[in-house]
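See structure below.
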Amino acid sequence: MAPADQTRKAQTAGATPGDTASRLLAWYDVHHRELPWRVSPRDHARGVRPDPYRIWLSEVMLQQTTVEAVKSYFRAFVEKWPDVEALAAAPTEDVMKAWAGLGYYSRARNLKACADLVAARGGRFPDTEAALRDLPGIGAYTSAAITAIAFDRPAAVVDGNIERVISRLFSITMPLSDAKAEIRAHVEGMMPAARPGDFAQAMMDLGATICAPRRPRCMLCPLREDCTAILSGDPEHFPVRLPKADKPLRRGAAFVAVREDGAILLRKRPEKGLLGGMTEVPTTAWTARVDGATTPAAAPFPGEWRRAGTITHVFTHFALELDVFHAHIKGDAPEGHFWSPGREISGEALPTVMKKAIEAAIPGATKKPSPLSATRPHD
C-alpha cells in the first residue's frame, strides 16, 4: 500500500462518510455565507425552497468569476428580470449591456438562449442533470449544481473550491487536471441522502472560507480530524498542479474617436467569436492567434490621431496589448459604427478591455454619472 493510502486509511479509520457529512452540515448550519441567491439552512428546514431561476442565474454568473464580483450583477439582473419569462422577453442587447464587465461573454449569449427555451416550455426548469444539460450553456457542473441546490436531489457538485477540499482531505497526489474522476468519486461517496443541496453549498463555503488556497485555517475546519493533508504538514501542496504555460502576447491598436458634443464612436462585434455581440471602439484586426497593426495609419477612418497610452488585458488563452489613439471627429458615423452619447457610455455593452481603452483616452468616461451630476446644468 502506498504511503498516502496508508495515511488515508489510518486517518479515516474511525470515521464514515456519513460522519464527515454530518460534521460538515453542522458547521454549515452555523457558519454558512449569506448570499442573495441562497436559501439559508434555517429557512430550508422550515420548508422554503430555492428558486431554480435564481440558482441557474447565479451559477452561470459564477463561472470563472468571484462571488463578490457577482453579487451586484445578480441583484441588478433579478431587479430588472425577476423570472425567466422576463429575461426571455428582454432584448438581447439589454442583456449584453447588463452583463458587461462579467467577462466570458459567450455565457451571456447562452443565458439568453436558455431563458428563451425555458420560457417557451412553460417557464419551468428541468429537475434532472440529464435534462438540464440539454439546455444552452449548461454543462456537467452547472447541471449538478442546479439539481442539488435548486431541487435538493443527489448530484455530485464539484467546483474549484470543492476540488481543493477533496484534494487535501484525501491527499490526492495526481495532478488536478488528471484527478477529476477520483475527486468526483470521493464527493459521491461522501454525499448524504438528506440535504444534498446544503451539502454541496457547505463544501463550497468550506473551500471559500476555511480551506483557502493560501494559509488555510485548518484549526477551524470541521473536517480536520479526517484530513490527511494536515498530517503531511503541508496542506498548501494540494491540489497538485502542473506548471502553467506562458500565455502568448498579442498586439493591436484601438481608436477612440470623440465628437464635439462628447459622443464616442462605437461599433458592434460579430455575434460569434471572442467578445461576440459586444460593443467596442474601432480596433485593428488582432485575434487570439495573430497581431493587428499598431500605428495610426491603420485607423479605419482619417483623423488627427494622437497617442493616449497603452493598455493590457489578459484573456483565458492569451494576453493583449493595445496602443490607444484619440482624435476628435466631425460628421456622421462611418458605416457600421454609431455615436454613443457621453452620458450613455457606462450603459453600453462594453467588455472590460474596451473600457480600459476608452479610459486611457478619456479618463472617467465609462464611469456611471452620479444622480447629482445627471441633473446639474451643463457649464
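Going by the C-alpha cells order, chains are called A, B, ..., each with residues numbered from 1, while ligands are numbered from 1 in the order shown.
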
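Non-sequential neighbours of A:Gly331 (distance at most 10 Å, separation of 2 or more positions within a chain, only C-alpha atoms) are Arg259, Glu260, Ile329, Ala333 and Pro334 of chain A.
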
Got time to write the residues from that selection, N, CA, C and O atoms, as an mmCIF file, in the first residue's frame?
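So out23.cif came out as:
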```
data_model
loop_
_atom_site.group_PDB
_atom_site.id
_atom_site.type_symbol
_atom_site.label_atom_id
_atom_site.label_comp_id
_atom_site.auth_asym_id
_atom_site.auth_seq_id
_atom_site.Cartn_x
_atom_site.Cartn_y
_atom_site.Cartn_z
ATOM 1 N N ARG A 259 -16.819 62.985 -30.703
ATOM 2 C CA ARG A 259 -17.482 64.094 -31.377
ATOM 3 C C ARG A 259 -17.447 65.324 -30.480
ATOM 4 O O ARG A 259 -17.236 65.202 -29.269
ATOM 5 N N GLU A 260 -17.690 66.487 -31.022
ATOM 6 C CA GLU A 260 -17.573 67.726 -30.245
ATOM 7 C C GLU A 260 -18.559 67.795 -29.078
ATOM 8 O O GLU A 260 -18.314 68.486 -28.087
ATOM 9 N N ILE A 329 -13.540 63.908 -34.014
ATOM 10 C CA ILE A 329 -14.075 63.663 -35.349
ATOM 11 C C ILE A 329 -15.392 64.412 -35.517
ATOM 12 O O ILE A 329 -16.210 64.492 -34.587
ATOM 13 N N ALA A 333 -21.467 59.084 -38.379
ATOM 14 C CA ALA A 333 -20.692 57.888 -38.080
ATOM 15 C C ALA A 333 -20.433 57.109 -39.367
ATOM 16 O O ALA A 333 -21.330 56.987 -40.211
ATOM 17 N N PRO A 334 -19.221 56.583 -39.542
ATOM 18 C CA PRO A 334 -18.953 55.749 -40.717
ATOM 19 C C PRO A 334 -19.873 54.530 -40.730
ATOM 20 O O PRO A 334 -20.444 54.135 -39.695
#
```

Residue contacts of stretch 95-111 of chain A (10 Å, only C-alpha atoms) excluding same-chain residues fewer than 6 positions away, as a PyMOL selection string: chain A and resi 56-57+60-66+69-70+73-74+76-77+80-81+87-88+135-138+271-279+315-316+346-353+355

Would you kindly return, as a PDB file with N, CA and C atoms, in the first residue's frame, each protein, DNA or RNA residue with an atom no farther than 9 Å from any atom of stretch 300-313 of chain A, considering only C-alpha atoms and excluding same-chain residues fewer than 6 positions away?
```pdb
ATOM      1  N   ALA A 253      -4.129  47.903 -31.986  1.00  0.00           N
ATOM      2  CA  ALA A 253      -4.388  49.312 -31.692  1.00  0.00           C
ATOM      3  C   ALA A 253      -5.880  49.535 -31.553  1.00  0.00           C
ATOM      4  N   PHE A 255      -8.881  52.803 -31.386  1.00  0.00           N
ATOM      5  CA  PHE A 255      -9.056  54.187 -31.812  1.00  0.00           C
ATOM      6  C   PHE A 255     -10.308  54.774 -31.152  1.00  0.00           C
ATOM      7  N   VAL A 256     -10.092  55.731 -30.266  1.00  0.00           N
ATOM      8  CA  VAL A 256     -11.185  56.352 -29.525  1.00  0.00           C
ATOM      9  C   VAL A 256     -11.492  57.694 -30.188  1.00  0.00           C
ATOM     10  N   ALA A 257     -12.575  57.722 -30.959  1.00  0.00           N
ATOM     11  CA  ALA A 257     -12.986  58.936 -31.672  1.00  0.00           C
ATOM     12  C   ALA A 257     -14.103  59.619 -30.896  1.00  0.00           C
ATOM     13  N   PRO A 282     -13.390  51.170 -32.432  1.00  0.00           N
ATOM     14  CA  PRO A 282     -12.705  50.545 -33.562  1.00  0.00           C
ATOM     15  C   PRO A 282     -11.293  50.107 -33.175  1.00  0.00           C
ATOM     16  N   THR A 283     -10.905  48.930 -33.629  1.00  0.00           N
ATOM     17  CA  THR A 283      -9.563  48.417 -33.381  1.00  0.00           C
ATOM     18  C   THR A 283      -9.014  47.806 -34.662  1.00  0.00           C
ATOM     19  N   THR A 284      -7.718  47.509 -34.622  1.00  0.00           N
ATOM     20  CA  THR A 284      -7.128  46.772 -35.744  1.00  0.00           C
ATOM     21  C   THR A 284      -7.462  45.294 -35.602  1.00  0.00           C
ATOM     22  N   ALA A 319      -2.651  37.099 -23.736  1.00  0.00           N
ATOM     23  CA  ALA A 319      -2.661  38.472 -23.224  1.00  0.00           C
ATOM     24  C   ALA A 319      -2.699  39.429 -24.416  1.00  0.00           C
ATOM     25  N   LEU A 320      -3.301  40.583 -24.229  1.00  0.00           N
ATOM     26  CA  LEU A 320      -3.453  41.549 -25.314  1.00  0.00           C
ATOM     27  C   LEU A 320      -2.898  42.900 -24.878  1.00  0.00           C
ATOM     28  N   GLU A 321      -2.148  43.523 -25.762  1.00  0.00           N
ATOM     29  CA  GLU A 321      -1.623  44.868 -25.539  1.00  0.00           C
ATOM     30  C   GLU A 321      -2.107  45.758 -26.672  1.00  0.00           C
ATOM     31  N   LEU A 322      -2.829  46.810 -26.309  1.00  0.00           N
ATOM     32  CA  LEU A 322      -3.378  47.715 -27.316  1.00  0.00           C
ATOM     33  C   LEU A 322      -2.774  49.106 -27.148  1.00  0.00           C
ATOM     34  N   ASP A 323      -2.232  49.650 -28.239  1.00  0.00           N
ATOM     35  CA  ASP A 323      -1.856  51.053 -28.273  1.00  0.00           C
ATOM     36  C   ASP A 323      -3.123  51.853 -28.566  1.00  0.00           C
ATOM     37  N   VAL A 324      -3.403  52.833 -27.731  1.00  0.00           N
ATOM     38  CA  VAL A 324      -4.655  53.586 -27.830  1.00  0.00           C
ATOM     39  C   VAL A 324      -4.385  54.953 -28.451  1.00  0.00           C
ATOM     40  N   PHE A 325      -5.214  55.303 -29.439  1.00  0.00           N
ATOM     41  CA  PHE A 325      -5.113  56.598 -30.102  1.00  0.00           C
ATOM     42  C   PHE A 325      -6.441  57.344 -29.967  1.00  0.00           C
ATOM     43  N   HIS A 326      -6.349  58.666 -29.899  1.00  0.00           N
ATOM     44  CA  HIS A 326      -7.504  59.507 -29.592  1.00  0.00           C
ATOM     45  C   HIS A 326      -7.588  60.619 -30.625  1.00  0.00           C
ATOM     46  N   ALA A 327      -8.808  60.916 -31.096  1.00  0.00           N
ATOM     47  CA  ALA A 327      -8.991  62.010 -32.050  1.00  0.00           C
ATOM     48  C   ALA A 327     -10.393  62.574 -31.910  1.00  0.00           C
ATOM     49  N   HIS A 328     -10.553  63.845 -32.308  1.00  0.00           N
ATOM     50  CA  HIS A 328     -11.870  64.475 -32.375  1.00  0.00           C
ATOM     51  C   HIS A 328     -12.341  64.427 -33.821  1.00  0.00           C
ATOM     52  N   ILE A 329     -13.540  63.908 -34.014  1.00  0.00           N
ATOM     53  CA  ILE A 329     -14.075  63.663 -35.349  1.00  0.00           C
ATOM     54  C   ILE A 329     -15.392  64.412 -35.517  1.00  0.00           C
ATOM     55  N   PRO A 334     -19.221  56.583 -39.542  1.00  0.00           N
ATOM     56  CA  PRO A 334     -18.953  55.749 -40.717  1.00  0.00           C
ATOM     57  C   PRO A 334     -19.873  54.530 -40.730  1.00  0.00           C
ATOM     58  N   THR A 352     -14.518  44.687 -20.612  1.00  0.00           N
ATOM     59  CA  THR A 352     -13.530  45.397 -19.796  1.00  0.00           C
ATOM     60  C   THR A 352     -12.376  45.926 -20.625  1.00  0.00           C
ATOM     61  N   VAL A 353     -11.900  45.159 -21.604  1.00  0.00           N
ATOM     62  CA  VAL A 353     -10.767  45.615 -22.403  1.00  0.00           C
ATOM     63  C   VAL A 353     -11.098  46.903 -23.142  1.00  0.00           C
ATOM     64  N   LYS A 356     -11.106  49.842 -20.729  1.00  0.00           N
ATOM     65  CA  LYS A 356      -9.724  50.268 -20.471  1.00  0.00           C
ATOM     66  C   LYS A 356      -9.227  51.196 -21.585  1.00  0.00           C
ATOM     67  N   ALA A 357      -9.538  50.841 -22.832  1.00  0.00           N
ATOM     68  CA  ALA A 357      -9.094  51.658 -23.958  1.00  0.00           C
ATOM     69  C   ALA A 357      -9.710  53.045 -23.907  1.00  0.00           C
ATOM     70  N   ALA A 360      -8.203  55.139 -21.136  1.00  0.00           N
ATOM     71  CA  ALA A 360      -6.869  55.643 -21.446  1.00  0.00           C
ATOM     72  C   ALA A 360      -6.935  56.955 -22.211  1.00  0.00           C
ATOM     73  N   ALA A 361      -7.955  57.096 -23.064  1.00  0.00           N
ATOM     74  CA  ALA A 361      -8.104  58.307 -23.865  1.00  0.00           C
ATOM     75  C   ALA A 361      -8.913  59.376 -23.148  1.00  0.00           C
ATOM     76  N   ILE A 362      -9.946  58.948 -22.423  1.00  0.00           N
ATOM     77  CA  ILE A 362     -10.852  59.900 -21.752  1.00  0.00           C
ATOM     78  C   ILE A 362     -11.096  59.401 -20.335  1.00  0.00           C
TER      79      ILE A 362
END
```

Given only C-alpha atoms as the counted atoms, nearest of A:Val240, A:Ala150, A:Leu169, A:Ile210 to A:Asp226: A:Leu169

Per-residue DSSP, stretch 45-240 of chain A, filtered to alpha helix (DSSP H), as a ChimeraX atom specification: /A:45,52-62,67-80,84-89,92-99,106-120,129-133,140-145,151,160-169,180-190,196-209,228-232

For A:Leu117: contacts at 12 Å, only C-alpha atoms, fewer than 2 positions along chain excluded, given as a ChimeraX atom specification: /A:84-85,87-89,110-115,119-126,132,134-137

Nearest candidate to A:Arg168 (options A:Arg195, A:His237, A:Lys330, A:Arg289; using only C-alpha atoms): A:His237

Residue contacts of stretch 36-40 of chain A (10 Å, only C-alpha atoms) excluding same-chain residues fewer than 3 positions away, as a ChimeraX atom specification: /A:28-29,32-33,43-46,48-59,70-72,74-75,78,149-150,198,201

Output the selection as an mmCIF file, in the first residue's frame - C-alpha atoms for each residue.
```
data_model
loop_
_atom_site.group_PDB
_atom_site.id
_atom_site.type_symbol
_atom_site.label_atom_id
_atom_site.label_comp_id
_atom_site.auth_asym_id
_atom_site.auth_seq_id
_atom_site.Cartn_x
_atom_site.Cartn_y
_atom_site.Cartn_z
ATOM 1 C CA TYR A 28 -22.671 24.941 7.651
ATOM 2 C CA ASP A 29 -25.787 25.463 9.745
ATOM 3 C CA HIS A 32 -22.882 29.493 6.080
ATOM 4 C CA ARG A 33 -22.406 32.557 3.904
ATOM 5 C CA ASP A 43 -35.252 28.685 6.089
ATOM 6 C CA HIS A 44 -34.687 25.487 4.150
ATOM 7 C CA ALA A 45 -35.569 23.457 7.249
ATOM 8 C CA ARG A 46 -38.771 25.500 7.520
ATOM 9 C CA VAL A 48 -38.566 27.403 1.968
ATOM 10 C CA ARG A 49 -37.331 26.134 -1.378
ATOM 11 C CA PRO A 50 -34.784 27.805 -3.670
ATOM 12 C CA ASP A 51 -35.957 29.430 -6.883
ATOM 13 C CA PRO A 52 -34.423 27.420 -9.760
ATOM 14 C CA TYR A 53 -34.239 30.594 -11.863
ATOM 15 C CA ARG A 54 -32.095 32.357 -9.265
ATOM 16 C CA ILE A 55 -29.879 29.316 -8.753
ATOM 17 C CA TRP A 56 -29.367 28.914 -12.507
ATOM 18 C CA LEU A 57 -28.627 32.626 -12.949
ATOM 19 C CA SER A 58 -26.129 32.691 -10.089
ATOM 20 C CA GLU A 59 -24.345 29.552 -11.249
ATOM 21 C CA VAL A 70 -21.241 38.553 -8.952
ATOM 22 C CA LYS A 71 -23.400 39.875 -6.089
ATOM 23 C CA SER A 72 -24.122 43.309 -7.564
ATOM 24 C CA PHE A 74 -27.067 39.284 -9.708
ATOM 25 C CA ARG A 75 -29.117 41.858 -7.797
ATOM 26 C CA VAL A 78 -33.209 39.971 -10.776
ATOM 27 C CA ILE A 149 -29.224 23.197 -4.810
ATOM 28 C CA ALA A 150 -32.496 24.091 -6.537
ATOM 29 C CA ASP A 198 -26.918 22.066 1.636
ATOM 30 C CA GLN A 201 -23.108 24.561 -0.619
#
```
